[in-house]
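This report concerns only the one structure given below.
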Protein chains: 2
Amino acid sequence: MEGTLDGGVVRVGGDARQRFYDSSGYGRPDGAGVVLAPVEAAHLLFRDDLDAVDGMDLGKFLAATDCVVRFLVYKDFRERGFYLSPAREGWVDADDTRAGADLVVYPQGNGPWDDEIAYRVRVVGERAAVSASDLGSVVLAVVDEESEITYLDTSRPEMVGHTDYDHPTGIAADLLEDRTVLWNPPKDLYERAFYGQRLAGRGAEGGPLQLSLVETAFLAREGVLDLDGGAETVVERGRAVEGERFDRRLAVYATLRSEGLVPKTGFKFGADFRTYADVESVENLGHSEFLVRVLPAEYAFGPRELSLDVRLAGGVHKRMAFALTDTNGDIDWLAVERITP
Amino acid sequence: MEGTLDGGVVRVGGDARQRFYDSSGYGRPDGAGVVLAPVEAAHLLFRDDLDAVDGMDLGKFLAATDCVVRFLVYKDFRERGFYLSPAREGWVDADDTRAGADLVVYPQGNGPWDDEIAYRVRVVGERAAVSASDLGSVVLAVVDEESEITYLDTSRPEMVGHTDYDHPTGIAADLLEDRTVLWNPPKDLYERAFYGQRLAGRGAEGGPLQLSLVETAFLAREGVLDLDGGAETVVERGRAVEGERFDRRLAVYATLRSEGLVPKTGFKFGADFRTYADVESVENLGHSEFLVRVLPAEYAFGPRELSLDVRLAGGVHKRMAFALTDTNGDIDWLAVERITP
């Protein structure tokens, strides 16, 4: 059986509708024949269900249509037992094409004639830049240079916790380079609300408390700290060592605290913050749930760095969240996790 | 007991030599007194063994001497039971100051009067850039924004393996976008030497083989592949999609293969390669030992990215190696791992 390339699709006549669409969900009906997207025709060539397209075998067809990366993902879903359709205009819901999906995958047992969708999939090579603002409702299928596929599900997480604490006011603080020391802090500031770290170490009872610059700036703005030059001096110090990244990190820190979460440094995990949803006391601290990386709103990921962040978070049983933060401090949250379809 | 700040050191008279140097390894003898580096004086102030330096308490002294980050690391080693000395000229071996160490740490039970050294420590804040060329013989102590310390040991690893394979010649290959397909490869190319990936998937017996661009360029240069335009066409394709990074990655790939290691993509770990030292067959493949990231020779790390890479490698029980690669393809290897002193 042969097909014909015609304006970006492959047409197959004869009884192709029954053989390819009705029984296996390839393409769209076209009378008794079918119209196939290039990845579908490539897969039928790969399976020897099509003999050729305009005389081309699989190798020549892939070279002619530049669809090898999408073909690999299409093939992988087929091998996992899914039917799926290229997200071409008119083939699938306009919402799905708008969301940047390349493929629409149906639940196992379903097909293009059903209404249900399991995954909206966006396909990229590992060298492509992926705009953060395009993510949040699609599964990213990254095809690496050796043609292995990593599936990253993206969503918009709710960042909400239940930590509650009545902040004191007017505590004296000393700014020392890029950190602060409170020489006589109220015990609860650390033990109850988990601000800072004891100078004498983790197990210490009382004594001076060290704060990071973001903690200091946040607490100074809240009126908790009394320090020379006020919050603005701290923010200036932050900008001096981190540039405008400091403003973004402070906006994220303040938002997390105001939502009842406790953000602490994520340095050991290569992140900006780790977050605890529910802190009653440092003594009875649970595990942190999220790793948070703060990024500009218009950020474009390299798939490799995304793979690194998500892999690390998974390895320590935390979820990876990106805080896409614009210059006004408005934040869009993006969660990314590895899945096996 | 009080000290006096004098040209960057703190002098303490009386019986300070006996109290601080002889019994606890602080400073250097100065008659019956001692000369202390600022971090040492800060630590004695912190312990209340010194009452003041020129009337300053710990807070004022730290503010005046800008040594808070080094003080935190000094204090941490003391709390772990080590004696240590600031790597000041004339206090320690010239080799140690040249290697970029800030602190020289003696084995537990030893002190400045012995010859042995446990760690040469370089101290940085998490916001500092660290030149890769300065690493390889020091332990990097990174003080994060919340004053937690991460210790990263750096060394120069031997990258050598024992994989042996007689390469065939003249195999036909098709370049498709940024990867290659061999439609009729000899079985051993994959099964024995672990080049590429079966198009039909991991478990497939035989069939077409996909190669990455670096694999293709390497094999084309070795005369194994016969493809339109030869190795240069592949290298040009690589540069088109990756820029000069492709040349560096190819140099590292070729070096690893020539040393008997098998490099495969490290994408799932956010690295350039993972390496196997000893491949007999893909069927009986062990675990890969190293994750490799390829960097320009003059690269400067952000401590946070270093923390991310090293943490991830540790989590999957692999060692993290950086291939510092200059434009001639000469490579300096750097291994980094997290330690607890």
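In the structure tokens, each chain is lettered A, B, ... as it comes, each chain's residues begin at 1, and ligands are numbered from 1 in order of appearance.
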Practice item. Please report, as a ChimeraX atom specification, each residue of range 3-185 of chain A to which DSSP assigns helix (DSSP H, G or I) when run on this structure's backbone. Key: /A:16-24,38-46,58-65,68-79,94-98,132-134
Exercise for review: For Val316 in chain A, list every protein, DNA or RNA residue within 12 Å, evaluated using only C-alpha atoms, and leave out those in the same chain fewer than 2 positions away; present the list as a list in words.
Suggested key: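 My reading of the contact set: Lys268, Phe269, Arg274, His287, Ser288, Glu289, Phe290, Leu291, Asp309, Val310, Arg311, Leu312, Ala313, Gly314, Lys318, Arg319 and Met320 of chain A; Arg311, Leu312, Gly314, Gly315 and Val316 of chain B.
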Check your understanding: For the atom pair CA of Ser212 in chain B and CA of Arg179 in chain B, what is the interatomic distance in Å to one decimal place?
Key ->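 CA of Ser212 in chain B sits 5.0 Å away from CA of Arg179 in chain B.
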Exercise for review: Could you tell me which of B:Asp326, B:Asp102, B:Asp272, B:Glu89 comes closest to Glu145 in chain A if we count only C-alpha atoms?
Suggested key: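 The answer is B:Asp272, which sits nearest to Glu145 in chain A.
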Point to revise | Spatial neighbours of Asp164 in chain A, max dist 9 Å, only C-alpha atoms, sep filter under 2 positions, as a list in words | key: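 The neighbour list is His162, Asp166, Ala193, Gly260, Leu261, Asp278, Val279 and Glu280 of chain A.
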**Study point:** CA of Gly111 in chain A to CA of Ala64 in chain A, straight-line distance in Å
**Key:**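 Separating CA of Ala64 in chain A from CA of Gly111 in chain A is a distance of 28.2 Å.
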Practice item. List the neighbours of range 127-131 of chain B out to 10 Å using only C-alpha atoms; skip same-chain residues closer than 2 positions along the sequence, and give me the result as a list of chain:residue names. Key: A:Asp178, A:Val241, A:Glu242, B:Val123, B:Val124, B:Gly125, B:Ser133, B:Asp134, B:Leu135, B:Leu140, B:Val142, B:Val143, B:Asp144, B:Glu145, B:Ala297, B:Glu298, B:Tyr299, B:Ala300, B:Phe301, B:Gly302, B:Pro303, B:Arg304, B:Leu306
Practice item. Excluding Gly196 in chain B and any residue of its chain fewer than 5 positions from it, enumerate the residues within 8 Å of it, using only C-alpha atoms, and give them as a PyMOL selection string. Key: (chain A and resi 146) or (chain B and resi 190+209-212+215)
**Study point:** Selected residue, from B:Leu50, B:Leu308, B:Ile149, B:Ala323, that lies nearest to chain A when counting only C-alpha atoms
**Key:**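 So, comparing all the options, the nearest one is B:Leu308.
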Practice item. From range 86-133 of chain B, collect each residue whose DSSP state is strand (DSSP E) and return the set as JSON, numbers by chain. Key: {"B": [86, 103, 104, 105, 119, 120, 121, 122, 123, 124, 125, 130, 131]}
**Study point:** Shell around Arg78 in chain B at 12 Å using only C-alpha atoms, local window under 6 positions removed, as a VMD selection string
**Key:** (chain A and resid 200) or (chain B and resid 24 to 26 39 to 40 43 to 44 46 to 47 71 to 72 84 to 85 103 105 to 109 111 341)
Deliver the residues from the most recent selection as a file, using N, CA and C atoms, as a PDB file, in the first residue's frame.
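Output below, filename selection05.pdb:
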ATOM      1  N   ALA A 200      25.259  29.444  67.244  1.00  0.00           N
ATOM      2  CA  ALA A 200      25.986  28.360  67.921  1.00  0.00           C
ATOM      3  C   ALA A 200      25.685  26.992  67.316  1.00  0.00           C
TER       4      ALA A 200
ATOM      5  N   SER B  24      45.818  25.066  72.635  1.00  0.00           N
ATOM      6  CA  SER B  24      44.684  24.912  71.707  1.00  0.00           C
ATOM      7  C   SER B  24      44.989  25.276  70.253  1.00  0.00           C
ATOM      8  N   GLY B  25      46.231  25.606  69.961  1.00  0.00           N
ATOM      9  CA  GLY B  25      46.600  25.814  68.557  1.00  0.00           C
ATOM     10  C   GLY B  25      46.090  27.090  67.923  1.00  0.00           C
ATOM     11  N   TYR B  26      45.762  28.098  68.720  1.00  0.00           N
ATOM     12  CA  TYR B  26      45.370  29.396  68.143  1.00  0.00           C
ATOM     13  C   TYR B  26      46.606  30.221  67.826  1.00  0.00           C
ATOM     14  N   VAL B  39      39.990  35.750  62.296  1.00  0.00           N
ATOM     15  CA  VAL B  39      39.018  34.665  62.560  1.00  0.00           C
ATOM     16  C   VAL B  39      39.296  33.980  63.891  1.00  0.00           C
ATOM     17  N   GLU B  40      40.576  33.867  64.236  1.00  0.00           N
ATOM     18  CA  GLU B  40      40.924  33.227  65.507  1.00  0.00           C
ATOM     19  C   GLU B  40      40.499  34.105  66.685  1.00  0.00           C
ATOM     20  N   HIS B  43      36.855  33.877  67.111  1.00  0.00           N
ATOM     21  CA  HIS B  43      36.428  32.649  67.769  1.00  0.00           C
ATOM     22  C   HIS B  43      36.663  32.702  69.277  1.00  0.00           C
ATOM     23  N   LEU B  44      37.781  33.295  69.676  1.00  0.00           N
ATOM     24  CA  LEU B  44      38.048  33.435  71.112  1.00  0.00           C
ATOM     25  C   LEU B  44      37.060  34.413  71.758  1.00  0.00           C
ATOM     26  N   PHE B  46      33.977  34.770  70.648  1.00  0.00           N
ATOM     27  CA  PHE B  46      32.736  33.980  70.656  1.00  0.00           C
ATOM     28  C   PHE B  46      32.705  33.029  71.854  1.00  0.00           C
ATOM     29  N   ARG B  47      33.888  32.468  72.205  1.00  0.00           N
ATOM     30  CA  ARG B  47      33.978  31.531  73.330  1.00  0.00           C
ATOM     31  C   ARG B  47      34.130  32.237  74.681  1.00  0.00           C
ATOM     32  N   PHE B  71      34.946  33.254  59.504  1.00  0.00           N
ATOM     33  CA  PHE B  71      34.736  32.923  60.917  1.00  0.00           C
ATOM     34  C   PHE B  71      33.775  31.739  61.078  1.00  0.00           C
ATOM     35  N   LEU B  72      32.701  31.725  60.274  1.00  0.00           N
ATOM     36  CA  LEU B  72      31.711  30.646  60.397  1.00  0.00           C
ATOM     37  C   LEU B  72      32.331  29.288  60.074  1.00  0.00           C
ATOM     38  N   LEU B  84      43.033  24.344  63.490  1.00  0.00           N
ATOM     39  CA  LEU B  84      43.312  24.819  62.133  1.00  0.00           C
ATOM     40  C   LEU B  84      43.964  26.188  62.169  1.00  0.00           C
ATOM     41  N   SER B  85      44.647  26.532  61.089  1.00  0.00           N
ATOM     42  CA  SER B  85      45.329  27.823  61.002  1.00  0.00           C
ATOM     43  C   SER B  85      44.917  28.557  59.750  1.00  0.00           C
ATOM     44  N   LEU B 103      42.291  28.353  54.831  1.00  0.00           N
ATOM     45  CA  LEU B 103      42.495  27.703  56.124  1.00  0.00           C
ATOM     46  C   LEU B 103      43.212  26.383  55.905  1.00  0.00           C
ATOM     47  N   VAL B 105      43.732  22.825  57.793  1.00  0.00           N
ATOM     48  CA  VAL B 105      43.126  22.068  58.885  1.00  0.00           C
ATOM     49  C   VAL B 105      43.998  20.852  59.189  1.00  0.00           C
ATOM     50  N   TYR B 106      44.341  20.679  60.475  1.00  0.00           N
ATOM     51  CA  TYR B 106      45.190  19.552  60.887  1.00  0.00           C
ATOM     52  C   TYR B 106      44.322  18.349  61.236  1.00  0.00           C
ATOM     53  N   PRO B 107      44.861  17.147  61.103  1.00  0.00           N
ATOM     54  CA  PRO B 107      44.072  15.967  61.503  1.00  0.00           C
ATOM     55  C   PRO B 107      43.680  16.090  62.969  1.00  0.00           C
ATOM     56  N   GLN B 108      42.555  15.492  63.349  1.00  0.00           N
ATOM     57  CA  GLN B 108      42.126  15.555  64.744  1.00  0.00           C
ATOM     58  C   GLN B 108      43.237  15.020  65.640  1.00  0.00           C
ATOM     59  N   GLY B 109      43.551  15.746  66.712  1.00  0.00           N
ATOM     60  CA  GLY B 109      44.655  15.372  67.593  1.00  0.00           C
ATOM     61  C   GLY B 109      45.965  16.052  67.232  1.00  0.00           C
ATOM     62  N   GLY B 111      48.117  19.600  65.516  1.00  0.00           N
ATOM     63  CA  GLY B 111      48.018  21.045  65.563  1.00  0.00           C
ATOM     64  C   GLY B 111      49.093  21.691  64.717  1.00  0.00           C
ATOM     65  N   PRO B 341      33.597  16.786  56.976  1.00  0.00           N
ATOM     66  CA  PRO B 341      34.929  16.682  57.578  1.00  0.00           C
ATOM     67  C   PRO B 341      34.879  15.918  58.905  1.00  0.00           C
TER      68      PRO B 341
END
Practice item. Find the residue from B:Gly3, B:Phe267, B:Asp115, B:Ala16 that sits nearest to Thr150 in chain A; use only C-alpha atoms when measuring. Key: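 Checking each of B:Gly3, B:Phe267, B:Asp115, B:Ala16 against Thr150 in chain A, counting only C-alpha atoms, the winner is B:Phe267.
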Check your understanding: At what distance in Å, to one decimal, does CA of Arg221 in chain A lie from CA of Arg245 in chain A?
Key ->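 One can read the CA of Arg245 in chain A to CA of Arg221 in chain A distance as 18.1 Å.
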Review point. Looking at only C-alpha atoms, which of B:Glu305, B:Glu259, B:Asp332, B:Asp93 is the one that sits closest to Glu126 in chain B?
Key: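 That would be B:Glu305, the residue with the smallest distance to Glu126 in chain B.
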Revision key, fill the gap. Chain B proximity check over A:Glu79, A:Asp22, A:Glu244, A:Asp30, using only C-alpha atoms: winner is A:Glu79
Check your understanding: What lies within 8 Å of Val235 in chain A using only C-alpha atoms, ignoring chain neighbours under 4 positions off, as number ranges by chain?
Key -> A: 213, 217, 231, 239, 246-247
How would the residues just chosen look if you wrote them out with N, CA and C atoms as a compact mmCIF listing (two decimals), in the first residue's frame?
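Below you can see part25.txt, which holds the result:
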# COMPACT_ATOMS: atom_id res chain seq x y z
N LEU A 213 19.87 37.63 54.01
CA LEU A 213 19.44 38.97 53.57
C LEU A 213 17.96 39.01 53.21
N ALA A 217 15.39 41.42 55.06
CA ALA A 217 14.62 42.44 54.34
C ALA A 217 13.12 42.25 54.60
N ALA A 231 14.70 48.75 56.15
CA ALA A 231 14.60 47.72 55.11
C ALA A 231 15.33 48.11 53.83
N ARG A 239 20.77 43.91 46.50
CA ARG A 239 20.98 44.22 45.08
C ARG A 239 22.46 44.30 44.74
N PHE A 246 17.76 39.73 43.50
CA PHE A 246 17.39 39.86 44.91
C PHE A 246 15.94 40.31 45.05
N ASP A 247 15.52 41.26 44.24
CA ASP A 247 14.12 41.73 44.30
C ASP A 247 13.14 40.61 43.99
